[in-house]
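> Sending over a structure as structure tokens; questions will come in a sec.
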Amino acid sequence: TVSNSGTIIWGGNGDIIMGNGSTLNNLATGVFEAQAEGGMFVPGGGGSAEFNNAGLLRKTGATISVMNAAQGPTFANTGTVSAESGALRFDVSFTQTAGATVLSGGGVLAGPALEFAGGELRGSGIVTGSIINTGGTVRPGGASSPGSFLLAANYTQGPGGTLELEVGGADLGEYDRLLASGAVTLDGTLLAPLISGFVPEEGDQFQVMSFGSRS
């Protein structure tokens, strides 16, 4: 087990090899900065490992960093995942029970669905993969900051999930949008707070979502 309370910078083009049964804990004060064009994996094809983030996982650099390649560690977030450039890719799992995942210039790619049981997903950018929101808050943009999520797959929201779409005006770019290419399944809570002093007029329309199909 490795527990980081300082700073780890994963740079260059190398991979991180984790032993079978190993654990990497990025603690609350820890920073794990992924710059590399590489992957984290367990060799041999039959092992397992864990990456638990309670601190800050930053993606910088115009590359794709694979946080768990096909034979890589499971990933659990209770801290902050910040995609600032390039993209983070999750091929095995991504589960968030607290904290935040923030798109601020970078993207996220996922094989299995990204699972949000708590915390929030916010910012603007592209998520290439499905989202299952069972207990978190999906918030395009951020607090009083309209934005858009481009979701190249499906969005499923359960009874405990929340979708928050702020409205700060009638023009495109003044309200949040969730744009999904696949199926959207909605349950739970929809919040549409007004921001920036905006007062809608009768007849105003806001296309806050698009999708391939819905239920």
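Residue names in the structure tokens use chain letters A, B, ... in the order shown, residue numbers from 1 in each chain, and ligand numbers from 1 in the order shown.
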Residues near A:Phe206, anyone? I mean within 12 Å using only C-alpha atoms, not counting same-chain ones fewer than 5 positions away, as an MDAnalysis selection string.
chainID A and resid 165:178 192 200:201
> If you count only C-alpha atoms, which residues fall within 6 Å of stretch 50-62 of chain A, apart from same-chain ones fewer than 2 positions away, as a list in words?
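Near stretch 50-62 of chain A, the qualifying residues are Thr23, Leu24, Asn25, Asn26, Leu27, Ala28, Thr29, Gly30, Val31, Phe32, Glu33, Ala34, Gln35, Pro73, Thr74, Phe75, Ala76, Asn77, Thr78, Gly79, Thr80, Val81, Ser82, Ala83, Glu84, Ser85 and Gly86 of chain A.
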> Keeping only N, CA, C and O atoms, write the selected residues to a file as a compact mmCIF listing (two decimals), in the first residue's frame.

```txt
# COMPACT_ATOMS: atom_id res chain seq x y z
N THR A 23 -2.58 -1.22 -3.32
CA THR A 23 -3.48 -0.08 -3.15
C THR A 23 -2.68 1.21 -3.19
O THR A 23 -1.63 1.32 -2.56
N LEU A 24 -3.19 2.17 -3.95
CA LEU A 24 -2.63 3.52 -3.95
C LEU A 24 -3.67 4.45 -3.37
O LEU A 24 -4.76 4.61 -3.93
N ASN A 25 -3.38 5.04 -2.22
CA ASN A 25 -4.28 5.98 -1.57
C ASN A 25 -3.73 7.40 -1.73
O ASN A 25 -2.63 7.70 -1.23
N ASN A 26 -4.45 8.24 -2.45
CA ASN A 26 -4.10 9.66 -2.52
C ASN A 26 -4.89 10.35 -1.42
O ASN A 26 -6.11 10.54 -1.54
N LEU A 27 -4.21 10.69 -0.34
CA LEU A 27 -4.89 11.18 0.86
C LEU A 27 -5.40 12.60 0.68
O LEU A 27 -5.16 13.25 -0.34
N ALA A 28 -6.13 13.09 1.69
CA ALA A 28 -6.83 14.38 1.57
C ALA A 28 -5.90 15.53 1.22
O ALA A 28 -6.30 16.48 0.54
N THR A 29 -4.64 15.48 1.66
CA THR A 29 -3.68 16.54 1.35
C THR A 29 -2.82 16.19 0.13
O THR A 29 -1.95 16.97 -0.25
N GLY A 30 -3.07 15.05 -0.46
CA GLY A 30 -2.24 14.58 -1.56
C GLY A 30 -2.65 15.14 -2.91
O GLY A 30 -3.83 15.42 -3.17
N VAL A 31 -1.66 15.30 -3.79
CA VAL A 31 -1.88 15.72 -5.17
C VAL A 31 -1.26 14.66 -6.08
O VAL A 31 -0.08 14.33 -5.94
N PHE A 32 -2.06 14.13 -6.98
CA PHE A 32 -1.57 13.20 -7.99
C PHE A 32 -1.80 13.87 -9.34
O PHE A 32 -2.94 14.03 -9.77
N GLU A 33 -0.71 14.28 -10.00
CA GLU A 33 -0.83 14.99 -11.27
C GLU A 33 -0.46 14.06 -12.41
O GLU A 33 0.67 13.58 -12.51
N ALA A 34 -1.44 13.80 -13.28
CA ALA A 34 -1.24 12.91 -14.41
C ALA A 34 -0.94 13.74 -15.66
O ALA A 34 -1.81 14.43 -16.18
N GLN A 35 0.31 13.67 -16.10
CA GLN A 35 0.74 14.35 -17.32
C GLN A 35 0.97 13.35 -18.45
O GLN A 35 0.98 13.71 -19.62
N PRO A 73 -6.31 -0.92 -11.98
CA PRO A 73 -6.95 -0.86 -10.67
C PRO A 73 -8.37 -0.28 -10.74
O PRO A 73 -8.69 0.48 -11.66
N THR A 74 -9.20 -0.63 -9.79
CA THR A 74 -10.47 0.06 -9.63
C THR A 74 -10.19 1.48 -9.16
O THR A 74 -9.15 1.75 -8.54
N PHE A 75 -11.11 2.40 -9.45
CA PHE A 75 -10.90 3.80 -9.07
C PHE A 75 -12.10 4.28 -8.26
O PHE A 75 -13.26 4.16 -8.71
N ALA A 76 -11.82 4.84 -7.07
CA ALA A 76 -12.87 5.38 -6.21
C ALA A 76 -12.50 6.79 -5.80
O ALA A 76 -11.38 7.04 -5.32
N ASN A 77 -13.44 7.73 -5.97
CA ASN A 77 -13.18 9.14 -5.66
C ASN A 77 -14.05 9.64 -4.53
O ASN A 77 -15.28 9.49 -4.55
N THR A 78 -13.40 10.27 -3.55
CA THR A 78 -14.10 11.03 -2.51
C THR A 78 -13.48 12.43 -2.39
O THR A 78 -13.87 13.20 -1.52
N GLY A 79 -12.51 12.72 -3.25
CA GLY A 79 -11.84 14.01 -3.25
C GLY A 79 -12.24 14.82 -4.47
O GLY A 79 -13.42 15.00 -4.75
N THR A 80 -11.24 15.29 -5.22
CA THR A 80 -11.50 16.08 -6.42
C THR A 80 -10.74 15.49 -7.60
O THR A 80 -9.53 15.24 -7.50
N VAL A 81 -11.45 15.27 -8.68
CA VAL A 81 -10.84 14.89 -9.96
C VAL A 81 -10.99 16.10 -10.87
O VAL A 81 -12.10 16.54 -11.15
N SER A 82 -9.87 16.65 -11.33
CA SER A 82 -9.89 17.87 -12.12
C SER A 82 -9.26 17.61 -13.48
O SER A 82 -8.04 17.41 -13.59
N ALA A 83 -10.09 17.60 -14.52
CA ALA A 83 -9.61 17.41 -15.89
C ALA A 83 -9.37 18.78 -16.50
O ALA A 83 -10.31 19.45 -16.94
N GLU A 84 -8.10 19.21 -16.53
CA GLU A 84 -7.75 20.57 -16.92
C GLU A 84 -7.27 20.68 -18.37
O GLU A 84 -7.33 21.75 -18.96
N SER A 85 -6.79 19.57 -18.91
CA SER A 85 -6.40 19.51 -20.32
C SER A 85 -6.25 18.04 -20.68
O SER A 85 -6.16 17.17 -19.80
N GLY A 86 -6.19 17.75 -21.98
CA GLY A 86 -6.11 16.35 -22.37
C GLY A 86 -7.33 15.59 -21.89
O GLY A 86 -8.45 16.11 -21.88
```
> Please provide the set of residues having any atom within 7 Å of stretch 143-145 of chain A, restricted to only C-alpha atoms, with same-chain residues fewer than 2 positions apart removed, written as a list of chain:residue names.
A:Gly141, A:Gly147, A:Ile195
> Selected residues, N, CA and C atoms, written as a PDB file, in the first residue's frame, please.

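The resulting file, out_36.pdb, is shown below:
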```
ATOM      1  N   GLY A 141     -21.507  23.493 -16.124  1.00  0.00           N
ATOM      2  CA  GLY A 141     -21.007  24.791 -15.692  1.00  0.00           C
ATOM      3  C   GLY A 141     -20.591  24.703 -14.232  1.00  0.00           C
ATOM      4  N   GLY A 147     -22.935  26.407 -18.377  1.00  0.00           N
ATOM      5  CA  GLY A 147     -22.026  25.601 -19.187  1.00  0.00           C
ATOM      6  C   GLY A 147     -22.757  24.440 -19.812  1.00  0.00           C
ATOM      7  N   ILE A 195     -30.370  32.577 -12.171  1.00  0.00           N
ATOM      8  CA  ILE A 195     -29.141  33.240 -11.738  1.00  0.00           C
ATOM      9  C   ILE A 195     -29.020  34.590 -12.441  1.00  0.00           C
TER      10      ILE A 195
END
```
> DSSP on the backbone, strand (DSSP E) only: what residues of stretch 33-109 of chain A does that give? Format it as a tab-separated table (two decimals) with C-alpha atoms, in the first residue's frame.

```
chain	number	residue	atom	x	y	z
A	33	GLU	CA	-0.83	14.99	-11.27
A	34	ALA	CA	-1.24	12.91	-14.41
A	38	GLY	CA	0.45	6.03	-20.49
A	39	GLY	CA	-1.62	3.68	-18.38
A	40	MET	CA	-1.91	2.16	-14.92
A	41	PHE	CA	-2.32	-1.60	-14.95
A	49	ALA	CA	-5.60	-3.32	-7.35
A	50	GLU	CA	-7.17	-0.11	-6.04
A	51	PHE	CA	-6.67	3.62	-6.57
A	52	ASN	CA	-8.52	5.59	-3.88
A	53	ASN	CA	-8.54	9.36	-4.31
A	56	LEU	CA	-6.66	16.04	-5.78
A	57	LEU	CA	-6.21	14.11	-9.01
A	58	ARG	CA	-5.22	16.60	-11.73
A	59	LYS	CA	-5.00	15.91	-15.45
A	64	ILE	CA	-4.66	10.74	-22.55
A	65	SER	CA	-3.77	9.29	-19.16
A	66	VAL	CA	-5.37	5.89	-18.61
A	67	MET	CA	-6.10	5.67	-14.89
A	68	ASN	CA	-7.08	2.04	-15.13
A	74	THR	CA	-10.47	0.06	-9.63
A	75	PHE	CA	-10.90	3.80	-9.07
A	76	ALA	CA	-12.87	5.38	-6.21
A	77	ASN	CA	-13.18	9.14	-5.66
A	80	THR	CA	-11.50	16.08	-6.42
A	81	VAL	CA	-10.84	14.89	-9.96
A	82	SER	CA	-9.89	17.87	-12.12
A	83	ALA	CA	-9.61	17.41	-15.89
A	87	ALA	CA	-8.26	13.53	-20.99
A	88	LEU	CA	-8.50	11.01	-18.20
A	89	ARG	CA	-9.58	7.53	-19.27
A	90	PHE	CA	-11.16	4.85	-17.09
A	95	THR	CA	-17.09	5.34	-8.63
A	96	GLN	CA	-17.63	8.61	-6.76
A	100	ALA	CA	-16.30	16.42	-7.13
A	101	THR	CA	-15.32	15.68	-10.69
A	102	VAL	CA	-14.61	18.92	-12.56
A	103	LEU	CA	-14.18	19.48	-16.29
A	104	SER	CA	-12.18	22.67	-16.75
A	107	GLY	CA	-12.30	15.56	-20.87
A	108	VAL	CA	-13.13	12.15	-19.47
A	109	LEU	CA	-13.33	8.88	-21.40
```
> Using only C-alpha atoms, which of the listed residues (A:Phe198, A:Phe211, A:Phe94, A:Phe116) sits closest to A:Asn154?
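Checking each of A:Phe198, A:Phe211, A:Phe94, A:Phe116 against A:Asn154, counting only C-alpha atoms, the winner is A:Phe211.
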